[in-house]
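Read the structure below first, then the notes.
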Amino acid sequence: MKEFLKMTLATVVGLLLFGAISSVLLLGSLGALMALGSAPTTLKPNSVLELELNGMLVERDQNDVTAMLSAIDDSQLQRGLDALLSAIDRATTNDNIKGIYLNVGALVASPASISEIRHALQMFKESGKFIVAYADNFGNGTYALATVADKVVLNPHGMLGLNGLSMSSIFCKEALDNLGIEMQVFKVGTFKSAVEPYTGMQMSDANRLQMSELSNSIWQTLLDDMAAGRHVDKAQFDQFANAGDFFADPSVAQQRRLVDTLAYRSDMKQIIRQFVGDDYHTIDLKAMTNLPDDTPYSVDKIAVVYAVGQIDGGSTDDMDSEAITQTLVDLADDDAVKAVVLRVNSPGGSAYGSEQMWHATQLVKAQKPIIVSMGDYAASGGYYMSCAADTIVAQPTTITGSIGIFGMLPNIEKLTDKIGVAVDGVKTNDFADFGMPTRPVTAAERALFQQNIERGYELFVRRCADGRHTTTDAIKQIAEGRVWTGSQAKALGLVDVLGGLDTAIDIAADKANLTQYNIKEYPAKRDLFDELLDELSQVSTTHALRQALGSYAVYAKTLQQAMALRGQQAIMPFNIVCE
């Protein structure tokens, strides 16, 4: 026993020492990376900006955390849309930058973000500079980006993965039934399909209709961009996809003028030299970001408030409605801020939180212009908080609308019966134990909750009608929880202008009569150490789910999100990405 205890103690001490040494090495590495990341960049003449387009595209770049974590786990690699747009914009006005090399990998991005980057690249090209694009394999989204280039290069043994768009939902009612869990649903809106994964095993006819029209609208926008970039009839792209030619030899894509050249990645230096000469330099995204900011100081500010993620979803990636509300209230009284741009990228969430942010936009609007810039999504609660703005700007492929309300209450009575658990108690009033998950709701409770949902819907519709200067009847004709693309929403009067964040900032400056101003972003980006801890926690959780459940991990996340919903919800049921 004594020897066992000695060995155990030695093992514990060894583990503690290893942990301490590892921590020191990790902190040292982080310090070195932070110092490296903050080093100012000196830009040489005749330079080419190389943009690596891979990883998951997110709204904002968060310090250097994701770059650090990607060295450990490639699946954690993220690219900030804000960093990409800023780099392209600065490259456009910098005389030392002669061109951009799009080094395309596996970039996961929503169509609206693809449009935003493509517009920035178009502005760069119109300044008289060149763009070349290379990929081993193009996807729908990355190819749409690449078509703005002067030369599109595909690996001789690669793939032009142009195969169209598809949309699908995960349905888990049978899984819930097997567990003994019933999701009791209350909603308003024929098209409000966020509850369908928990109540059936296939799409409703209404949801199938809206998703079909949505995907076709997005695809047509992508086709228009591709056709304009490649100067070919857009019917060719559909023919390519429908014939399955993405599996054909890459020479087929070249023959149809969908790409210019077949070459290896190692050949790209020689191709770039055709545009810029033999003696050129390259600069990457990080170095471009670290160039000194030569924007002249101005006391006048335009505030850009990022409202990103599910509203009050509870995750570090979700939107904190209380924080956004307080930020807007503070900006309303800030005399240095002459206008506010609210950048909304959210599928919705808490109806209560949406109402609080809507009220805060009203306070801003009473003092100064407030413009909404819609990103990938500004649906349901995301549209709720946007509808009162002076001007709403969206990309043609932004997902918006989804004006509807729902609520869900889980009933795990059958589950507790299965595992031999009973719940009993007393109450002072009829509804004192309303919402208890161990029993179904009564008829009286169901009626009360449904009334509450309908009241929330009427308020949502009224907010939209007031903000869009129309009637509640007019809003109801296009509401019912139905989602629209930005181009469809503009035709319906839910959106004013098609464009990106830069368009919204220009409108804000014009409304505030500003010719010189500085941009100030809110909220401030999170502290590096706090961000690292959160990211490591998410990495470990994701890894543990994958190890335990494999491909079924996504179902666990869906169920977890459903169980976390509280109160009225104004949320869109699906995400859309181009890969």
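Starting from 1 in every chain, residues are counted up; chains themselves are A, B, ... following the order of the structure tokens, and ligands are numbered from 1 as listed.
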Spatial neighbours of range 359-370 of chain A, max dist 12 Å, only C-alpha atoms, sep filter under 3 positions, as number ranges by chain: A: 301-305, 321-343, 352-356, 373, 384-393, 463, 466-467, 504-514
Can I get the selection written as a PDB file, in the first residue's frame, with C-alpha atoms?
ATOM      1  CA  LYS A 301     -18.044  60.103 -35.274  1.00  0.00           C
ATOM      2  CA  ILE A 302     -20.290  57.568 -36.927  1.00  0.00           C
ATOM      3  CA  ALA A 303     -20.891  54.666 -34.562  1.00  0.00           C
ATOM      4  CA  VAL A 304     -21.143  51.161 -36.016  1.00  0.00           C
ATOM      5  CA  VAL A 305     -22.904  48.877 -33.544  1.00  0.00           C
ATOM      6  CA  SER A 321     -29.865  42.335 -25.949  1.00  0.00           C
ATOM      7  CA  GLU A 322     -29.287  44.174 -22.671  1.00  0.00           C
ATOM      8  CA  ALA A 323     -25.758  45.186 -23.716  1.00  0.00           C
ATOM      9  CA  ILE A 324     -26.886  46.300 -27.187  1.00  0.00           C
ATOM     10  CA  THR A 325     -29.778  48.258 -25.668  1.00  0.00           C
ATOM     11  CA  GLN A 326     -27.478  50.078 -23.245  1.00  0.00           C
ATOM     12  CA  THR A 327     -24.990  50.853 -26.019  1.00  0.00           C
ATOM     13  CA  LEU A 328     -27.718  52.421 -28.155  1.00  0.00           C
ATOM     14  CA  VAL A 329     -29.071  54.418 -25.209  1.00  0.00           C
ATOM     15  CA  ASP A 330     -25.579  55.781 -24.498  1.00  0.00           C
ATOM     16  CA  LEU A 331     -24.984  56.661 -28.151  1.00  0.00           C
ATOM     17  CA  ALA A 332     -28.269  58.559 -28.313  1.00  0.00           C
ATOM     18  CA  ASP A 333     -26.847  61.032 -25.769  1.00  0.00           C
ATOM     19  CA  ASP A 334     -23.278  61.112 -27.134  1.00  0.00           C
ATOM     20  CA  ASP A 335     -22.874  64.479 -28.903  1.00  0.00           C
ATOM     21  CA  ALA A 336     -19.691  63.362 -30.685  1.00  0.00           C
ATOM     22  CA  VAL A 337     -21.633  60.589 -32.436  1.00  0.00           C
ATOM     23  CA  LYS A 338     -23.545  62.186 -35.288  1.00  0.00           C
ATOM     24  CA  ALA A 339     -25.124  59.032 -36.699  1.00  0.00           C
ATOM     25  CA  VAL A 340     -25.448  55.346 -35.854  1.00  0.00           C
ATOM     26  CA  VAL A 341     -25.178  52.350 -38.170  1.00  0.00           C
ATOM     27  CA  LEU A 342     -26.687  49.238 -36.623  1.00  0.00           C
ATOM     28  CA  ARG A 343     -25.078  46.201 -38.251  1.00  0.00           C
ATOM     29  CA  TYR A 352     -38.622  40.403 -25.243  1.00  0.00           C
ATOM     30  CA  GLY A 353     -34.993  41.258 -25.995  1.00  0.00           C
ATOM     31  CA  SER A 354     -35.966  42.328 -29.520  1.00  0.00           C
ATOM     32  CA  GLU A 355     -38.550  44.744 -28.125  1.00  0.00           C
ATOM     33  CA  GLN A 356     -36.002  46.322 -25.778  1.00  0.00           C
ATOM     34  CA  SER A 373     -27.037  47.388 -42.373  1.00  0.00           C
ATOM     35  CA  TYR A 384     -37.887  43.413 -35.246  1.00  0.00           C
ATOM     36  CA  MET A 385     -34.936  45.439 -33.931  1.00  0.00           C
ATOM     37  CA  SER A 386     -34.284  46.885 -37.412  1.00  0.00           C
ATOM     38  CA  CYS A 387     -37.708  47.998 -38.560  1.00  0.00           C
ATOM     39  CA  ALA A 388     -37.700  51.459 -36.922  1.00  0.00           C
ATOM     40  CA  ALA A 389     -34.491  52.662 -38.610  1.00  0.00           C
ATOM     41  CA  ASP A 390     -34.441  55.688 -40.917  1.00  0.00           C
ATOM     42  CA  THR A 391     -33.079  53.498 -43.712  1.00  0.00           C
ATOM     43  CA  ILE A 392     -32.657  49.730 -44.008  1.00  0.00           C
ATOM     44  CA  VAL A 393     -29.837  48.437 -46.229  1.00  0.00           C
ATOM     45  CA  ARG A 463     -43.768  47.769 -34.797  1.00  0.00           C
ATOM     46  CA  ASP A 466     -45.043  51.906 -37.832  1.00  0.00           C
ATOM     47  CA  GLY A 467     -41.408  51.603 -38.863  1.00  0.00           C
ATOM     48  CA  ALA A 504     -25.072  52.161 -44.921  1.00  0.00           C
ATOM     49  CA  ILE A 505     -22.164  54.289 -43.634  1.00  0.00           C
ATOM     50  CA  ASP A 506     -22.378  56.546 -46.704  1.00  0.00           C
ATOM     51  CA  ILE A 507     -26.121  57.024 -46.131  1.00  0.00           C
ATOM     52  CA  ALA A 508     -25.519  57.792 -42.445  1.00  0.00           C
ATOM     53  CA  ALA A 509     -22.865  60.394 -43.318  1.00  0.00           C
ATOM     54  CA  ASP A 510     -25.164  62.004 -45.881  1.00  0.00           C
ATOM     55  CA  LYS A 511     -28.098  62.188 -43.463  1.00  0.00           C
ATOM     56  CA  ALA A 512     -25.841  63.690 -40.774  1.00  0.00           C
ATOM     57  CA  ASN A 513     -24.309  66.168 -43.287  1.00  0.00           C
ATOM     58  CA  LEU A 514     -20.801  64.856 -42.645  1.00  0.00           C
TER      59      LEU A 514
END
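Summary of the local environment: counting only C-alpha atoms, residues at most 7 Å from Leu214 in chain A, other than itself and those fewer than 4 positions away along its chain, are Gln210, Ile218, Trp484 and Thr485 of chain A.
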Compare A:Ser215, A:Asn411, A:Thr261, A:Ser47 by their minimum atom-to-atom distance to Leu179 in chain A, counting only C-alpha atoms, and give me the closest one. A:Asn411
Would you mind listing what lies within 6 Å of range 272-284 of chain A as a VMD selection string, with only C-alpha atoms counted and same-chain residues fewer than 5 positions away left out? chain A and resid 46 to 50
Grab the residues selected above and save them as a compact mmCIF listing (two decimals), in the first residue's frame with all heavy atoms.
# COMPACT_ATOMS: atom_id res chain seq x y z
N ASN A 46 5.26 48.13 -55.30
CA ASN A 46 4.99 47.01 -56.21
C ASN A 46 4.63 45.74 -55.44
O ASN A 46 5.20 44.67 -55.64
CB ASN A 46 6.20 46.74 -57.11
CG ASN A 46 5.78 46.16 -58.45
OD1 ASN A 46 4.78 46.58 -59.03
ND2 ASN A 46 6.54 45.20 -58.95
N SER A 47 3.66 45.88 -54.54
CA SER A 47 3.22 44.76 -53.70
C SER A 47 1.90 44.20 -54.17
O SER A 47 1.09 44.89 -54.81
CB SER A 47 3.10 45.22 -52.24
OG SER A 47 4.36 45.47 -51.67
N VAL A 48 1.68 42.93 -53.83
CA VAL A 48 0.43 42.23 -54.13
C VAL A 48 -0.14 41.70 -52.82
O VAL A 48 0.58 41.06 -52.03
CB VAL A 48 0.66 41.05 -55.10
CG1 VAL A 48 -0.62 40.24 -55.29
CG2 VAL A 48 1.17 41.58 -56.44
N LEU A 49 -1.40 42.01 -52.56
CA LEU A 49 -2.08 41.52 -51.35
C LEU A 49 -2.57 40.10 -51.60
O LEU A 49 -3.37 39.87 -52.51
CB LEU A 49 -3.26 42.43 -50.99
CG LEU A 49 -4.18 41.96 -49.87
CD1 LEU A 49 -3.42 41.79 -48.55
CD2 LEU A 49 -5.36 42.92 -49.69
N GLU A 50 -2.08 39.14 -50.80
CA GLU A 50 -2.53 37.77 -50.92
C GLU A 50 -3.58 37.48 -49.85
O GLU A 50 -3.30 37.57 -48.65
CB GLU A 50 -1.37 36.79 -50.77
CG GLU A 50 -1.81 35.33 -50.89
CD GLU A 50 -0.67 34.33 -50.87
OE1 GLU A 50 0.50 34.76 -50.96
OE2 GLU A 50 -0.95 33.12 -50.75
So that I can see what lies close to range 234-250 of chain A, please list as a PDB file with N, CA and C atoms, in the first residue's frame the residues with an atom at most 10 Å from it, counting only C-alpha atoms and leaving out residues fewer than 2 positions away in the same chain.
ATOM      1  N   ASN A 137      -9.907  23.563 -55.696  1.00  0.00           N
ATOM      2  CA  ASN A 137     -11.318  23.231 -55.903  1.00  0.00           C
ATOM      3  C   ASN A 137     -12.151  24.458 -55.564  1.00  0.00           C
ATOM      4  N   PHE A 138     -12.960  24.895 -56.498  1.00  0.00           N
ATOM      5  CA  PHE A 138     -13.889  25.993 -56.244  1.00  0.00           C
ATOM      6  C   PHE A 138     -15.225  25.442 -55.763  1.00  0.00           C
ATOM      7  N   GLY A 139     -15.859  26.152 -54.828  1.00  0.00           N
ATOM      8  CA  GLY A 139     -17.241  25.887 -54.452  1.00  0.00           C
ATOM      9  C   GLY A 139     -18.137  26.952 -55.057  1.00  0.00           C
ATOM     10  N   LEU A 154      -7.633  27.325 -62.226  1.00  0.00           N
ATOM     11  CA  LEU A 154      -8.059  26.096 -61.566  1.00  0.00           C
ATOM     12  C   LEU A 154      -6.961  25.044 -61.718  1.00  0.00           C
ATOM     13  N   ASN A 155      -6.754  24.266 -60.663  1.00  0.00           N
ATOM     14  CA  ASN A 155      -5.784  23.182 -60.725  1.00  0.00           C
ATOM     15  C   ASN A 155      -6.165  22.197 -61.842  1.00  0.00           C
ATOM     16  N   PRO A 156      -5.189  21.706 -62.604  1.00  0.00           N
ATOM     17  CA  PRO A 156      -5.497  20.786 -63.715  1.00  0.00           C
ATOM     18  C   PRO A 156      -6.209  19.510 -63.276  1.00  0.00           C
ATOM     19  N   HIS A 157      -6.075  19.170 -62.009  1.00  0.00           N
ATOM     20  CA  HIS A 157      -6.767  17.988 -61.488  1.00  0.00           C
ATOM     21  C   HIS A 157      -7.731  18.366 -60.364  1.00  0.00           C
ATOM     22  N   GLY A 158      -8.163  19.613 -60.393  1.00  0.00           N
ATOM     23  CA  GLY A 158      -9.092  20.098 -59.381  1.00  0.00           C
ATOM     24  C   GLY A 158     -10.537  19.988 -59.831  1.00  0.00           C
ATOM     25  N   MET A 159     -11.396  20.791 -59.213  1.00  0.00           N
ATOM     26  CA  MET A 159     -12.824  20.705 -59.511  1.00  0.00           C
ATOM     27  C   MET A 159     -13.459  22.086 -59.434  1.00  0.00           C
ATOM     28  N   LEU A 160     -14.269  22.404 -60.429  1.00  0.00           N
ATOM     29  CA  LEU A 160     -15.135  23.571 -60.362  1.00  0.00           C
ATOM     30  C   LEU A 160     -16.470  23.080 -59.809  1.00  0.00           C
ATOM     31  N   GLY A 161     -16.602  23.163 -58.483  1.00  0.00           N
ATOM     32  CA  GLY A 161     -17.753  22.568 -57.801  1.00  0.00           C
ATOM     33  C   GLY A 161     -19.005  23.408 -57.879  1.00  0.00           C
ATOM     34  N   LEU A 162     -19.418  23.678 -59.088  1.00  0.00           N
ATOM     35  CA  LEU A 162     -20.607  24.497 -59.329  1.00  0.00           C
ATOM     36  C   LEU A 162     -21.786  23.555 -59.528  1.00  0.00           C
ATOM     37  N   ASN A 163     -22.514  23.284 -58.445  1.00  0.00           N
ATOM     38  CA  ASN A 163     -23.580  22.279 -58.528  1.00  0.00           C
ATOM     39  C   ASN A 163     -24.929  22.773 -58.031  1.00  0.00           C
ATOM     40  N   GLY A 164     -25.063  24.080 -57.753  1.00  0.00           N
ATOM     41  CA  GLY A 164     -26.339  24.620 -57.307  1.00  0.00           C
ATOM     42  C   GLY A 164     -26.454  24.637 -55.795  1.00  0.00           C
ATOM     43  N   TRP A 219     -29.794  31.761 -55.757  1.00  0.00           N
ATOM     44  CA  TRP A 219     -29.048  31.172 -56.863  1.00  0.00           C
ATOM     45  C   TRP A 219     -29.031  32.101 -58.075  1.00  0.00           C
ATOM     46  N   GLN A 220     -30.162  32.741 -58.350  1.00  0.00           N
ATOM     47  CA  GLN A 220     -30.217  33.652 -59.488  1.00  0.00           C
ATOM     48  C   GLN A 220     -29.298  34.851 -59.279  1.00  0.00           C
ATOM     49  N   LEU A 222     -26.482  34.791 -57.523  1.00  0.00           N
ATOM     50  CA  LEU A 222     -25.139  34.272 -57.757  1.00  0.00           C
ATOM     51  C   LEU A 222     -24.867  34.112 -59.252  1.00  0.00           C
ATOM     52  N   LEU A 223     -25.855  33.598 -59.993  1.00  0.00           N
ATOM     53  CA  LEU A 223     -25.692  33.422 -61.437  1.00  0.00           C
ATOM     54  C   LEU A 223     -25.465  34.758 -62.138  1.00  0.00           C
ATOM     55  N   ASP A 224     -26.210  35.785 -61.723  1.00  0.00           N
ATOM     56  CA  ASP A 224     -26.047  37.106 -62.323  1.00  0.00           C
ATOM     57  C   ASP A 224     -24.628  37.625 -62.113  1.00  0.00           C
ATOM     58  N   ASP A 225     -24.106  37.439 -60.887  1.00  0.00           N
ATOM     59  CA  ASP A 225     -22.738  37.884 -60.592  1.00  0.00           C
ATOM     60  C   ASP A 225     -21.712  37.098 -61.411  1.00  0.00           C
ATOM     61  N   MET A 226     -21.895  35.780 -61.455  1.00  0.00           N
ATOM     62  CA  MET A 226     -20.963  34.942 -62.215  1.00  0.00           C
ATOM     63  C   MET A 226     -20.970  35.310 -63.698  1.00  0.00           C
ATOM     64  N   ALA A 227     -22.153  35.477 -64.249  1.00  0.00           N
ATOM     65  CA  ALA A 227     -22.274  35.793 -65.675  1.00  0.00           C
ATOM     66  C   ALA A 227     -21.640  37.148 -65.985  1.00  0.00           C
ATOM     67  N   ALA A 228     -21.859  38.130 -65.108  1.00  0.00           N
ATOM     68  CA  ALA A 228     -21.279  39.455 -65.317  1.00  0.00           C
ATOM     69  C   ALA A 228     -19.758  39.400 -65.238  1.00  0.00           C
ATOM     70  N   ARG A 230     -17.759  36.726 -65.783  1.00  0.00           N
ATOM     71  CA  ARG A 230     -17.132  35.895 -66.819  1.00  0.00           C
ATOM     72  C   ARG A 230     -17.574  36.287 -68.234  1.00  0.00           C
ATOM     73  N   HIS A 231     -18.546  37.196 -68.344  1.00  0.00           N
ATOM     74  CA  HIS A 231     -19.036  37.652 -69.646  1.00  0.00           C
ATOM     75  C   HIS A 231     -19.558  36.476 -70.480  1.00  0.00           C
ATOM     76  N   VAL A 232     -20.320  35.624 -69.833  1.00  0.00           N
ATOM     77  CA  VAL A 232     -20.962  34.513 -70.534  1.00  0.00           C
ATOM     78  C   VAL A 232     -22.439  34.488 -70.155  1.00  0.00           C
ATOM     79  N   VAL A 252     -13.084  20.953 -69.347  1.00  0.00           N
ATOM     80  CA  VAL A 252     -14.448  21.295 -69.768  1.00  0.00           C
ATOM     81  C   VAL A 252     -14.808  22.696 -69.288  1.00  0.00           C
ATOM     82  N   ALA A 253     -14.456  23.004 -68.043  1.00  0.00           N
ATOM     83  CA  ALA A 253     -14.732  24.334 -67.500  1.00  0.00           C
ATOM     84  C   ALA A 253     -13.957  25.400 -68.266  1.00  0.00           C
ATOM     85  N   GLN A 254     -12.732  25.065 -68.665  1.00  0.00           N
ATOM     86  CA  GLN A 254     -11.925  26.014 -69.432  1.00  0.00           C
ATOM     87  C   GLN A 254     -12.509  26.216 -70.828  1.00  0.00           C
ATOM     88  N   GLN A 255     -12.935  25.137 -71.465  1.00  0.00           N
ATOM     89  CA  GLN A 255     -13.516  25.237 -72.812  1.00  0.00           C
ATOM     90  C   GLN A 255     -14.774  26.105 -72.807  1.00  0.00           C
ATOM     91  N   ARG A 256     -15.511  26.070 -71.700  1.00  0.00           N
ATOM     92  CA  ARG A 256     -16.748  26.852 -71.606  1.00  0.00           C
ATOM     93  C   ARG A 256     -16.493  28.263 -71.062  1.00  0.00           C
ATOM     94  N   ARG A 257     -15.230  28.622 -70.947  1.00  0.00           N
ATOM     95  CA  ARG A 257     -14.800  29.953 -70.494  1.00  0.00           C
ATOM     96  C   ARG A 257     -15.260  30.267 -69.065  1.00  0.00           C
ATOM     97  N   LEU A 258     -15.451  29.220 -68.272  1.00  0.00           N
ATOM     98  CA  LEU A 258     -15.794  29.436 -66.867  1.00  0.00           C
ATOM     99  C   LEU A 258     -14.540  29.663 -66.035  1.00  0.00           C
ATOM    100  N   VAL A 259     -13.400  29.170 -66.506  1.00  0.00           N
ATOM    101  CA  VAL A 259     -12.096  29.502 -65.932  1.00  0.00           C
ATOM    102  C   VAL A 259     -11.173  29.846 -67.105  1.00  0.00           C
ATOM    103  N   THR A 261      -7.467  29.514 -67.004  1.00  0.00           N
ATOM    104  CA  THR A 261      -6.230  28.757 -67.106  1.00  0.00           C
ATOM    105  C   THR A 261      -6.257  27.568 -66.162  1.00  0.00           C
ATOM    106  N   LEU A 262      -5.653  26.474 -66.578  1.00  0.00           N
ATOM    107  CA  LEU A 262      -5.417  25.333 -65.704  1.00  0.00           C
ATOM    108  C   LEU A 262      -3.940  25.338 -65.336  1.00  0.00           C
TER     109      LEU A 262
END
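Straight-line separation from CA of Thr438 in chain A to CA of Ser169 in chain A: 27.9 Å.
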Output as CSV one row per residue of range 366-403 of chain A within 10 Å of range 109-129 of chain A: the closest atom pair and its distance in Å to one decimal place, counting only C-alpha atoms, sorted by chain and residue number ascending.
residue,atom,partner,partner_atom,distance
A:Met374,CA,A:Ala112,CA,8.9
A:Gly375,CA,A:Ala112,CA,6.3
A:Asp376,CA,A:Ala112,CA,4.9
A:Tyr377,CA,A:Ala112,CA,8.2
A:Ala394,CA,A:Ala112,CA,8.5
A:Gln395,CA,A:Ala112,CA,5.7
A:Pro396,CA,A:Ala112,CA,7.2
A:Thr397,CA,A:Ala112,CA,5.0
A:Thr398,CA,A:Ala112,CA,5.2
A:Ile399,CA,A:Ala112,CA,8.2
If you run DSSP on the backbone, which residues of range 368-494 of chain A are alpha helix (DSSP H), as a PyMOL selection string? chain A and resi 381-384+413-419+443-467+472-478+486-492
Write down as a ChimeraX atom specification the residues belonging to range 368-428 of chain A that are assigned strand (DSSP E or B) by DSSP computed on the backbone. /A:370-379,391-394,399-401,405-411
For the residues in the current selection, export N, CA, C and O atoms as a JSON list (two decimals), in the first residue's frame.
[["chain", "number", "residue", "atom", "x", "y", "z"],
["A", 370, "ILE", "N", -30.28, 56.89, -37.71],
["A", 370, "ILE", "CA", -29.88, 55.52, -37.44],
["A", 370, "ILE", "C", -30.20, 54.69, -38.69],
["A", 370, "ILE", "O", -31.33, 54.67, -39.17],
["A", 371, "ILE", "N", -29.16, 54.05, -39.20],
["A", 371, "ILE", "CA", -29.26, 53.26, -40.43],
["A", 371, "ILE", "C", -28.97, 51.81, -40.08],
["A", 371, "ILE", "O", -28.02, 51.53, -39.33],
["A", 372, "VAL", "N", -29.75, 50.90, -40.60],
["A", 372, "VAL", "CA", -29.50, 49.48, -40.39],
["A", 372, "VAL", "C", -28.79, 48.90, -41.60],
["A", 372, "VAL", "O", -29.20, 49.14, -42.75],
["A", 373, "SER", "N", -27.72, 48.17, -41.34],
["A", 373, "SER", "CA", -27.04, 47.39, -42.37],
["A", 373, "SER", "C", -27.25, 45.92, -42.04],
["A", 373, "SER", "O", -26.79, 45.44, -41.01],
["A", 374, "MET", "N", -27.96, 45.22, -42.91],
["A", 374, "MET", "CA", -28.23, 43.81, -42.68],
["A", 374, "MET", "C", -27.12, 42.95, -43.27],
["A", 374, "MET", "O", -26.74, 43.14, -44.42],
["A", 375, "GLY", "N", -26.62, 42.00, -42.49],
["A", 375, "GLY", "CA", -25.57, 41.10, -42.96],
["A", 375, "GLY", "C", -26.17, 39.85, -43.57],
["A", 375, "GLY", "O", -27.04, 39.91, -44.43],
["A", 376, "ASP", "N", -25.70, 38.69, -43.12],
["A", 376, "ASP", "CA", -26.21, 37.43, -43.65],
["A", 376, "ASP", "C", -27.68, 37.24, -43.34],
["A", 376, "ASP", "O", -28.45, 36.78, -44.17],
["A", 377, "TYR", "N", -28.07, 37.61, -42.11],
["A", 377, "TYR", "CA", -29.44, 37.43, -41.65],
["A", 377, "TYR", "C", -29.88, 38.65, -40.85],
["A", 377, "TYR", "O", -29.10, 39.21, -40.09],
["A", 378, "ALA", "N", -31.11, 39.03, -41.04],
["A", 378, "ALA", "CA", -31.74, 39.99, -40.13],
["A", 378, "ALA", "C", -33.21, 39.59, -40.12],
["A", 378, "ALA", "O", -34.09, 40.30, -40.59],
["A", 379, "ALA", "N", -33.43, 38.39, -39.59],
["A", 379, "ALA", "CA", -34.74, 37.77, -39.67],
["A", 379, "ALA", "C", -35.40, 37.74, -38.31],
["A", 379, "ALA", "O", -34.73, 37.75, -37.28],
["A", 391, "THR", "N", -33.30, 54.20, -42.44],
["A", 391, "THR", "CA", -33.08, 53.50, -43.71],
["A", 391, "THR", "C", -32.59, 52.09, -43.41],
["A", 391, "THR", "O", -31.77, 51.90, -42.51],
["A", 392, "ILE", "N", -33.10, 51.12, -44.16],
["A", 392, "ILE", "CA", -32.66, 49.73, -44.01],
["A", 392, "ILE", "C", -31.93, 49.32, -45.28],
["A", 392, "ILE", "O", -32.48, 49.40, -46.38],
["A", 393, "VAL", "N", -30.68, 48.87, -45.11],
["A", 393, "VAL", "CA", -29.84, 48.44, -46.23],
["A", 393, "VAL", "C", -29.59, 46.94, -46.10],
["A", 393, "VAL", "O", -29.26, 46.45, -45.01],
["A", 394, "ALA", "N", -29.74, 46.21, -47.18],
["A", 394, "ALA", "CA", -29.51, 44.76, -47.16],
["A", 394, "ALA", "C", -28.84, 44.33, -48.45],
["A", 394, "ALA", "O", -28.95, 45.00, -49.48],
["A", 399, "ILE", "N", -31.00, 37.25, -45.72],
["A", 399, "ILE", "CA", -32.25, 36.59, -45.33],
["A", 399, "ILE", "C", -32.93, 37.47, -44.28],
["A", 399, "ILE", "O", -32.37, 37.76, -43.22],
["A", 400, "THR", "N", -34.15, 37.91, -44.58],
["A", 400, "THR", "CA", -34.84, 38.82, -43.69],
["A", 400, "THR", "C", -36.34, 38.48, -43.64],
["A", 400, "THR", "O", -36.78, 37.47, -44.19],
["A", 401, "GLY", "N", -37.09, 39.32, -42.93],
["A", 401, "GLY", "CA", -38.52, 39.04, -42.75],
["A", 401, "GLY", "C", -38.73, 38.10, -41.58],
["A", 401, "GLY", "O", -38.30, 38.38, -40.47],
["A", 405, "ILE", "N", -44.05, 34.75, -34.39],
["A", 405, "ILE", "CA", -43.71, 34.47, -32.98],
["A", 405, "ILE", "C", -44.06, 33.02, -32.68],
["A", 405, "ILE", "O", -45.05, 32.48, -33.17],
["A", 406, "PHE", "N", -43.24, 32.38, -31.84],
["A", 406, "PHE", "CA", -43.59, 31.06, -31.35],
["A", 406, "PHE", "C", -43.04, 30.87, -29.95],
["A", 406, "PHE", "O", -42.20, 31.64, -29.46],
["A", 407, "GLY", "N", -43.54, 29.84, -29.30],
["A", 407, "GLY", "CA", -43.03, 29.43, -28.00],
["A", 407, "GLY", "C", -43.14, 27.92, -27.89],
["A", 407, "GLY", "O", -43.99, 27.30, -28.53],
["A", 408, "MET", "N", -42.25, 27.31, -27.10],
["A", 408, "MET", "CA", -42.28, 25.86, -26.92],
["A", 408, "MET", "C", -42.08, 25.53, -25.45],
["A", 408, "MET", "O", -41.30, 26.18, -24.75],
["A", 409, "LEU", "N", -42.80, 24.51, -25.01],
["A", 409, "LEU", "CA", -42.65, 24.01, -23.65],
["A", 409, "LEU", "C", -42.38, 22.50, -23.72],
["A", 409, "LEU", "O", -43.20, 21.75, -24.27],
["A", 410, "PRO", "N", -41.25, 22.04, -23.22],
["A", 410, "PRO", "CA", -40.98, 20.60, -23.25],
["A", 410, "PRO", "C", -41.80, 19.86, -22.21],
["A", 410, "PRO", "O", -42.04, 20.35, -21.10],
["A", 411, "ASN", "N", -42.26, 18.67, -22.58],
["A", 411, "ASN", "CA", -42.96, 17.79, -21.64],
["A", 411, "ASN", "C", -42.20, 16.46, -21.60],
["A", 411, "ASN", "O", -42.18, 15.72, -22.58]]
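The shortest atom-to-atom distance to Ile403 in chain A, with only C-alpha atoms taken into account, belongs to A:Ala489 out of A:Met56, A:Ala524, A:Met319, A:Ala489.
Of the residues under consideration (A:Ile475, A:Ala135, A:Ala263, A:Leu448), A:Ile475 shows the shortest atom-to-atom contact distance to Val461 in chain A when counting only C-alpha atoms.
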